[in-house]
2 protein chains.
Amino acid sequence: MLESPFRIKPGHSAATPGASMSGPEAEERVVSAVVEAILGHRIAPGTRLIERELANYAGASRSAIRNGLLTLAHAGLVELSPNKGATIAMCSPEEARQIFEARIVIEAAVLDILARALDDAGRAKLAAFIDEEHAAYEAGRMEEARHLSRRFHLLVAELSGNDVLTGFVRDLINRQPLLSWTREARKSRFCGNEAHQRIADALARGDGAEAARLNTEHLRELELELRTDRDSALKVVGAEDVDEDPRPRPA
Amino acid sequence: MLESPFRIKPGHSAATPGASMSGPEAEERVVSAVVEAILGHRIAPGTRLIERELANYAGASRSAIRNGLLTLAHAGLVELSPNKGATIAMCSPEEARQIFEARIVIEAAVLDILARALDDAGRAKLAAFIDEEHAAYEAGRMEEARHLSRRFHLLVAELSGNDVLTGFVRDLINRQPLLSWTREARKSRFCGNEAHQRIADALARGDGAEAARLNTEHLRELELELRTDRDSALKVVGAEDVDEDPRPRPA
DNA sequence: ATAGAATAAATTGTCGACAATTGGAACGGA
DNA sequence: TCCGTTCCAATTGTCGACAATTTATTCTAT
């Protein structure tokens with residue numbers, strides 16, 4: 001769950017008004033939809049999520065939505081205030097810093113573990129993934145490229161064989177889009193395929209320390225880029241508060 | 001949440017039969033009760049949790065219990081199978097290994113961070129906590145001592161200032177009692193007040209690397225102790241399957 | 001007597017309705 | 001015009017009831 005099939009496309013406000021197909025995956029559908037919406041920068045942090053709206057949208061009942069919101073809250077993607085409702089989580093700069101700090105240390109550990117345990121099958125998977133990532137970029141499918149770029153770090157964690165650490169990495173990666181939700185960030189250059197290649201090379205050499213160092217550098221770069229994006233965004237829009245705001249307005 | 005006030009005492013099977021005080025903390029109550037029951041080794045991994053029973057016990061309705069179970073499931077303390085219900089999570093040896101591995105790397109990072117940021121207030125808190133821990137042990141209040149011993153690691157994380165990593169540490173520590181749930185483990189010697197003291201000393205010196213090394217050693221020792229406990233338990237009870245079983249039998 | 005199928009009990013999943021709380025709007029007074 | 005109060009719509013929280021599924025029991029045939 002939370003693994004995000006990335007299939008549901010929100011944007012229009014009523015899925016299929018007549019057909020109330022309340023499958024057993026109703027809750028899952030909402031979770032996926034919200035995750036996808038956040039990843040696609042179609043929904044802004046701080047946006048209020050009204051249960052009934054989501055219910056209508058997903059063709060499910062409020063109970064399912066409530067469960068979904070609870071799951072999302074546990075994952076740190078939405079914030080729940082008693083009697084106040086749910087909003088897309090907002091990350092303060094400090095929180096963003098902490099997330100990057102956590103990613104750096106955990107991924108470093110994961111790489112160190114993986115460097116010792118990587119076998120041929122793993123090497124092949126890594127190579128194939130990086131190829132796919134590169135292909136998507138070359139073909140101009142930026143959305144997919146960005147998606148794969150995020151998933152690279154998850155793949156590394158999975159290959160390390162430690163499910164606990166993998167879960168942590170997944171949570172942290174999923175929160176990433178909360179940090180850079182401005183339109184500017186979408187223009188950011190292809191984030192680090194070269195870096196990923198270098199990391200994979202170091203891993204193949206069995207040099208976990210170097211892989212960790214490269215990854216740390218990579219993440220620091222990302223963080224810096226994010227910070228400048230945020231700053232420039234603030235400088236541009238200024239005090240009128242960011243309101244290009246592509247969020248689904250309550251009817 | 002999950003912070004566990006440790007105040008509710010389960011054991012008798014009906015809280016206050018007449019008074020259905022369904023406060024807003026009903027869900028919280030169940031969560032605390034289950035956490036406390038797990039920590040006190042009063043409930044065995046694999047035990048099935050029936051919603052209606054919990055509801056009656058806590059004087060709440062099934063909805064609240066369901067939410068509580070979802071929270072516990074996300075924390076890794078219970079497992080939910082669709083249409084099958086909830087059980088106290090069982091940790092395979094492999095899972096236990098992964099949890100310790102995760103603790104080692106994350107706490108090492110936390111100690112490294114803290115060594116650079118520790119101020120006088122923090123030093124004082126650490127010292128006071130270790131004193132309290134020691135006092136509880138000397139006074140023979142083993143339950144409390146064990147509780148404080150676990151919390152030491154959480155305190156270190158909190159002092160580091162990184163809430164994200166702190167949350168991870170909390171999750172991992174809460175899962176600890178799932179690993180050593182046998183009666184034998186209760187007899188285990190006071191786990192590492194000296195070790196805690198030494199770690200605090202290294203921190204006070206600003207030597208994060210040494211603190212991390214000591215902590216790693218400390219955790220490895222704990223893991224080993226656990227493993228032998230489990231093995232000896234298996235050797236003793238043998239194939240009759242562990243069934244001293246102090247779990248609340250379904251009426 | 002045992003294996004298998006049919007039945008019955010128990011438990012979970014889902015839903016809609018109602019109560020409680022919040023946020024905003026209309027209203028009135030200074 | 002501005003501030004405070006009152007009222008109302010909107011939203012969340014909670015509950016019990018019913019349907020669907022699983023699990024235990026009983027019955028029958030071999």
# chains A, B, ... in the order shown; residues from 1 in each chain; ligands from 1
>>> residues_around(residues="region 68-72 of chain A", least_positions_apart="3", cutoff="6 Å", atoms="only C-alpha atoms (C1' of nucleotides)", output="PyMOL selection string")
chain A and resi 27+31+65+75+77-78
>>> interface_residues(of="chain B", to="chain A", cutoff="10 Å", atoms="only C-alpha atoms", output="compact mmCIF listing (two decimals) with C-alpha atoms, in the first residue's frame")
# COMPACT_ATOMS: atom_id res chain seq x y z
CA PRO B 24 -12.74 10.63 22.45
CA SER B 63 -14.93 1.78 14.70
CA ARG B 66 -10.50 -0.54 13.95
CA ASN B 67 -8.69 2.78 13.85
CA LEU B 70 -4.71 0.41 11.89
CA THR B 71 -2.38 2.58 13.91
CA HIS B 74 1.36 0.83 10.80
CA ALA B 75 3.69 0.78 13.78
CA GLY B 76 4.43 -2.85 13.00
CA GLU B 94 15.37 -12.60 9.98
CA GLU B 95 13.07 -9.71 10.78
CA ALA B 96 14.66 -9.40 14.20
CA ARG B 97 18.07 -9.23 12.61
CA GLN B 98 16.89 -6.47 10.29
CA ILE B 99 15.46 -4.50 13.17
CA PHE B 100 18.73 -4.63 15.05
CA GLU B 101 20.64 -3.72 11.93
CA ALA B 102 18.38 -0.73 11.46
CA ARG B 103 18.73 0.33 15.07
CA ILE B 104 22.50 0.11 14.87
CA VAL B 105 22.85 2.35 11.84
CA ILE B 106 20.18 4.85 12.78
CA ALA B 108 24.85 5.54 15.26
CA ALA B 109 23.85 8.43 13.05
CA VAL B 110 21.82 9.98 15.84
CA ILE B 113 24.66 14.20 15.25
CA GLY B 161 16.80 17.25 17.37
CA ASN B 162 15.85 15.21 14.33
CA ASP B 163 12.18 14.32 14.71
CA VAL B 164 12.16 12.08 11.66
CA LEU B 165 14.95 9.85 12.93
CA THR B 166 13.40 9.99 16.39
CA PHE B 168 12.04 5.74 13.38
CA LEU B 172 11.99 0.18 16.30
>>> residues_around(residues="Asp119 (chain A)", least_positions_apart="2", cutoff="12 Å", atoms="only C-alpha atoms (C1' of nucleotides)", output="PyMOL selection string")
chain A and resi 114-117+121-126+159-161+203-206
>>> residues_around(residues="DG4 (chain C)", least_positions_apart="6", cutoff="12 Å", atoms="only C-alpha atoms (C1' of nucleotides)", output="PyMOL selection string")
chain D and resi 27-30
>>> write_last_selection(atoms="N, CA and C atoms (P, O5', C5', C4', C3', O3' and C1' of nucleotides)", output="PDB file, in the first residue's frame")
ATOM      1  P    DC D  27     -25.820 -33.594  13.897  1.00  0.00           P
ATOM      2  O5'  DC D  27     -25.957 -34.163  12.418  1.00  0.00           O
ATOM      3  C5'  DC D  27     -26.304 -33.267  11.355  1.00  0.00           C
ATOM      4  C4'  DC D  27     -25.853 -33.880  10.027  1.00  0.00           C
ATOM      5  C3'  DC D  27     -26.131 -35.380   9.910  1.00  0.00           C
ATOM      6  O3'  DC D  27     -26.949 -35.629   8.771  1.00  0.00           O
ATOM      7  C1'  DC D  27     -23.902 -34.868   9.261  1.00  0.00           C
ATOM      8  P    DT D  28     -27.644 -37.085   8.579  1.00  0.00           P
ATOM      9  O5'  DT D  28     -26.867 -37.666   7.323  1.00  0.00           O
ATOM     10  C5'  DT D  28     -26.660 -36.835   6.176  1.00  0.00           C
ATOM     11  C4'  DT D  28     -25.556 -37.402   5.309  1.00  0.00           C
ATOM     12  C3'  DT D  28     -25.661 -38.906   5.022  1.00  0.00           C
ATOM     13  O3'  DT D  28     -25.566 -39.123   3.613  1.00  0.00           O
ATOM     14  C1'  DT D  28     -23.487 -38.383   5.753  1.00  0.00           C
ATOM     15  P    DA D  29     -26.162 -40.444   2.963  1.00  0.00           P
ATOM     16  O5'  DA D  29     -24.882 -41.003   2.185  1.00  0.00           O
ATOM     17  C5'  DA D  29     -24.102 -40.109   1.383  1.00  0.00           C
ATOM     18  C4'  DA D  29     -22.687 -40.650   1.249  1.00  0.00           C
ATOM     19  C3'  DA D  29     -22.596 -42.133   0.880  1.00  0.00           C
ATOM     20  O3'  DA D  29     -21.645 -42.330  -0.147  1.00  0.00           O
ATOM     21  C1'  DA D  29     -21.344 -41.720   2.843  1.00  0.00           C
ATOM     22  P    DT D  30     -21.650 -43.688  -1.006  1.00  0.00           P
ATOM     23  O5'  DT D  30     -20.222 -44.282  -0.713  1.00  0.00           O
ATOM     24  C5'  DT D  30     -19.062 -43.433  -0.830  1.00  0.00           C
ATOM     25  C4'  DT D  30     -17.933 -43.934   0.070  1.00  0.00           C
ATOM     26  C3'  DT D  30     -17.590 -45.421  -0.121  1.00  0.00           C
ATOM     27  O3'  DT D  30     -16.226 -45.529  -0.530  1.00  0.00           O
ATOM     28  C1'  DT D  30     -17.718 -44.868   2.177  1.00  0.00           C
TER      29       DT D  30
END
>>> select_by_dssp(residues="region 10-127 of chain B", states="alpha helix (DSSP H)", output="ChimeraX atom specification")
/B:26-39,51-58,62-74,93-117,120-127
>>> closest_atom_pairs(of="chain D", to="chain A", cutoff="9 Å", atoms="only C-alpha atoms (C1' of nucleotides)", output="tab-separated table")
residue	atom	partner	partner_atom	distance
D:DT11	C1'	A:Ile50	CA	7.7
D:DT12	C1'	A:Asn83	CA	5.4
D:DG13	C1'	A:Asn83	CA	7.4
>>> closest_atom_pairs(of="chain D", to="region 11-27 of chain C", cutoff="12 Å", atoms="only C-alpha atoms (C1' of nucleotides)", output="CSV")
residue,atom,partner,partner_atom,distance
D:DG4,C1',C:DC27,C1',10.8
D:DT5,C1',C:DC27,C1',8.6
D:DT6,C1',C:DC27,C1',7.8
D:DC7,C1',C:DA26,C1',7.9
D:DC8,C1',C:DA25,C1',8.0
D:DA9,C1',C:DG24,C1',8.6
D:DA10,C1',C:DG23,C1',8.3
D:DT11,C1',C:DT22,C1',7.6
D:DT12,C1',C:DT21,C1',7.5
D:DG13,C1',C:DA20,C1',7.4
D:DT14,C1',C:DA19,C1',8.0
D:DC15,C1',C:DC18,C1',8.6
D:DG16,C1',C:DA17,C1',9.7
D:DA17,C1',C:DC15,C1',9.2
D:DC18,C1',C:DC15,C1',8.6
D:DA19,C1',C:DT14,C1',8.0
D:DA20,C1',C:DG13,C1',7.4
D:DT21,C1',C:DT12,C1',7.4
D:DT22,C1',C:DT11,C1',7.5
D:DT23,C1',C:DT11,C1',8.7
D:DA24,C1',C:DT11,C1',11.9
>>> write_last_selection(atoms="N, CA and C atoms (P, O5', C5', C4', C3', O3' and C1' of nucleotides)", output="short mmCIF file (atom, residue, chain, number, x, y, z; two decimals), in the first residue's frame")
data_model
loop_
_atom_site.label_atom_id
_atom_site.label_comp_id
_atom_site.auth_asym_id
_atom_site.auth_seq_id
_atom_site.Cartn_x
_atom_site.Cartn_y
_atom_site.Cartn_z
P DG D 4 -14.38 43.11 19.49
"O5'" DG D 4 -15.78 42.49 19.90
"C5'" DG D 4 -16.67 43.23 20.74
"C4'" DG D 4 -18.06 42.62 20.68
"C3'" DG D 4 -18.10 41.12 20.96
"O3'" DG D 4 -18.96 40.87 22.06
"C1'" DG D 4 -19.27 41.63 18.94
P DT D 5 -19.17 39.41 22.63
"O5'" DT D 5 -20.56 39.01 21.95
"C5'" DT D 5 -21.64 39.94 21.99
"C4'" DT D 5 -22.82 39.40 21.17
"C3'" DT D 5 -23.14 37.92 21.43
"O3'" DT D 5 -24.51 37.78 21.79
"C1'" DT D 5 -22.99 38.36 19.10
P DT D 6 -25.11 36.37 22.24
"O5'" DT D 6 -25.89 35.91 20.93
"C5'" DT D 6 -26.77 36.84 20.26
"C4'" DT D 6 -27.27 36.24 18.96
"C3'" DT D 6 -27.71 34.77 19.06
"O3'" DT D 6 -28.99 34.61 18.45
"C1'" DT D 6 -26.14 35.03 17.31
P DC D 7 -29.80 33.24 18.58
"O5'" DC D 7 -29.70 32.67 17.09
"C5'" DC D 7 -30.02 33.52 15.99
"C4'" DC D 7 -29.43 32.95 14.71
"C3'" DC D 7 -29.79 31.49 14.42
"O3'" DC D 7 -30.42 31.42 13.15
"C1'" DC D 7 -27.46 31.87 14.14
P DC D 8 -31.23 30.12 12.74
"O5'" DC D 8 -30.32 29.57 11.56
"C5'" DC D 8 -29.90 30.46 10.53
"C4'" DC D 8 -28.77 29.84 9.72
"C3'" DC D 8 -28.99 28.37 9.34
"O3'" DC D 8 -28.64 28.19 7.98
"C1'" DC D 8 -26.90 28.62 10.39
P DA D 9 -29.37 27.04 7.12
"O5'" DA D 9 -28.15 26.47 6.26
"C5'" DA D 9 -27.33 27.38 5.51
"C4'" DA D 9 -25.88 26.91 5.50
"C3'" DA D 9 -25.67 25.49 4.94
"O3'" DA D 9 -24.70 25.53 3.91
"C1'" DA D 9 -24.58 25.72 7.05
P DA D 10 -24.42 24.27 2.99
"O5'" DA D 10 -23.02 23.73 3.58
"C5'" DA D 10 -22.04 24.68 3.97
"C4'" DA D 10 -20.91 23.98 4.71
"C3'" DA D 10 -20.59 22.57 4.20
"O3'" DA D 10 -19.19 22.45 4.04
"C1'" DA D 10 -20.93 22.52 6.53
P DT D 11 -18.57 21.18 3.31
"O5'" DT D 11 -17.92 20.38 4.52
"C5'" DT D 11 -16.98 21.04 5.36
"C4'" DT D 11 -16.72 20.23 6.61
"C3'" DT D 11 -16.42 18.75 6.35
"O3'" DT D 11 -15.10 18.46 6.76
"C1'" DT D 11 -17.92 19.03 8.18
P DT D 12 -14.50 16.99 6.61
"O5'" DT D 12 -14.42 16.46 8.11
"C5'" DT D 12 -13.88 17.29 9.12
"C4'" DT D 12 -14.33 16.84 10.50
"C3'" DT D 12 -13.94 15.40 10.86
"O3'" DT D 12 -13.33 15.38 12.13
"C1'" DT D 12 -16.24 15.73 11.23
P DG D 13 -12.72 13.99 12.70
"O5'" DG D 13 -13.86 13.41 13.66
"C5'" DG D 13 -14.09 14.05 14.90
"C4'" DG D 13 -15.13 13.29 15.71
"C3'" DG D 13 -14.80 11.82 15.95
"O3'" DG D 13 -15.08 11.49 17.30
"C1'" DG D 13 -16.92 12.01 14.93
P DT D 14 -14.67 10.05 17.86
"O5'" DT D 14 -16.07 9.27 17.88
"C5'" DT D 14 -17.20 9.91 18.44
"C4'" DT D 14 -18.44 9.05 18.25
"C3'" DT D 14 -18.19 7.54 18.38
"O3'" DT D 14 -18.96 7.05 19.47
"C1'" DT D 14 -19.52 8.05 16.46
P DC D 15 -18.73 5.57 20.01
"O5'" DC D 15 -20.03 4.84 19.49
"C5'" DC D 15 -21.29 5.50 19.65
"C4'" DC D 15 -22.29 4.97 18.66
"C3'" DC D 15 -22.39 3.45 18.61
"O3'" DC D 15 -23.55 3.03 19.33
"C1'" DC D 15 -22.49 4.45 16.42
P DG D 16 -23.61 1.55 19.88
"O5'" DG D 16 -24.64 0.87 18.87
"C5'" DG D 16 -25.89 1.49 18.63
"C4'" DG D 16 -26.45 1.05 17.29
"C3'" DG D 16 -26.64 -0.47 17.14
"O3'" DG D 16 -27.95 -0.75 16.69
"C1'" DG D 16 -25.37 0.40 15.31
P DA D 17 -28.41 -2.24 16.51
"O5'" DA D 17 -28.44 -2.37 14.92
"C5'" DA D 17 -29.14 -1.38 14.16
"C4'" DA D 17 -29.06 -1.71 12.67
"C3'" DA D 17 -29.33 -3.17 12.33
"O3'" DA D 17 -30.10 -3.26 11.13
"C1'" DA D 17 -27.17 -2.56 11.58
P DC D 18 -30.81 -4.62 10.75
"O5'" DC D 18 -30.03 -5.10 9.43
"C5'" DC D 18 -30.01 -4.23 8.28
"C4'" DC D 18 -28.85 -4.60 7.38
"C3'" DC D 18 -28.84 -6.04 6.87
"O3'" DC D 18 -28.79 -6.05 5.45
"C1'" DC D 18 -26.71 -5.42 7.68
P DA D 19 -28.96 -7.46 4.69
"O5'" DA D 19 -27.55 -7.67 3.97
"C5'" DA D 19 -27.01 -6.62 3.16
"C4'" DA D 19 -25.58 -6.93 2.74
"C3'" DA D 19 -25.37 -8.32 2.15
"O3'" DA D 19 -24.46 -8.23 1.05
"C1'" DA D 19 -24.01 -8.08 4.06
P DA D 20 -24.14 -9.52 0.19
"O5'" DA D 20 -22.66 -9.89 0.67
"C5'" DA D 20 -21.65 -8.88 0.66
"C4'" DA D 20 -20.33 -9.44 1.14
"C3'" DA D 20 -19.98 -10.83 0.59
"O3'" DA D 20 -18.60 -10.86 0.24
"C1'" DA D 20 -20.00 -10.90 2.95
P DT D 21 -18.03 -12.14 -0.52
"O5'" DT D 21 -17.07 -12.81 0.55
"C5'" DT D 21 -16.10 -12.00 1.23
"C4'" DT D 21 -15.65 -12.67 2.51
"C3'" DT D 21 -15.15 -14.10 2.34
"O3'" DT D 21 -13.74 -14.13 2.51
"C1'" DT D 21 -16.52 -13.83 4.29
P DT D 22 -12.89 -15.46 2.29
"O5'" DT D 22 -12.73 -16.05 3.78
"C5'" DT D 22 -12.15 -15.23 4.79
"C4'" DT D 22 -12.50 -15.75 6.17
"C3'" DT D 22 -11.94 -17.14 6.50
"O3'" DT D 22 -11.13 -17.07 7.65
"C1'" DT D 22 -14.22 -16.98 7.12
P DT D 23 -10.15 -18.31 8.02
"O5'" DT D 23 -10.94 -19.10 9.16
"C5'" DT D 23 -11.26 -18.44 10.37
"C4'" DT D 23 -12.27 -19.25 11.17
"C3'" DT D 23 -11.86 -20.70 11.47
"O3'" DT D 23 -11.97 -20.94 12.86
"C1'" DT D 23 -14.06 -20.62 10.63
P DA D 24 -11.32 -22.30 13.48
"O5'" DA D 24 -12.59 -23.06 14.03
"C5'" DA D 24 -13.47 -22.39 14.93
"C4'" DA D 24 -14.82 -23.10 15.00
"C3'" DA D 24 -14.75 -24.59 15.37
"O3'" DA D 24 -15.67 -24.85 16.42
"C1'" DA D 24 -16.01 -24.30 13.39
#
>>> closest_residue(among="B:Ala195, B:Leu80, B:Val35, B:Ala58", to="chain C", atoms="only C-alpha atoms (C1' of nucleotides)")
B:Leu80
>>> select_by_dssp(residues="region 10-205 of chain A", states="strand (DSSP E)", output="count of residues only")
10
>>> closest_residue(among="A:Phe152, A:Ser61, A:His134, A:Asp171", to="chain C", atoms="only C-alpha atoms (C1' of nucleotides)")
A:Ser61
>>> atom_distance(atom1="CA of Pro45 (chain B)", atom2="CA of Ile88 (chain B)")
4.7 Å
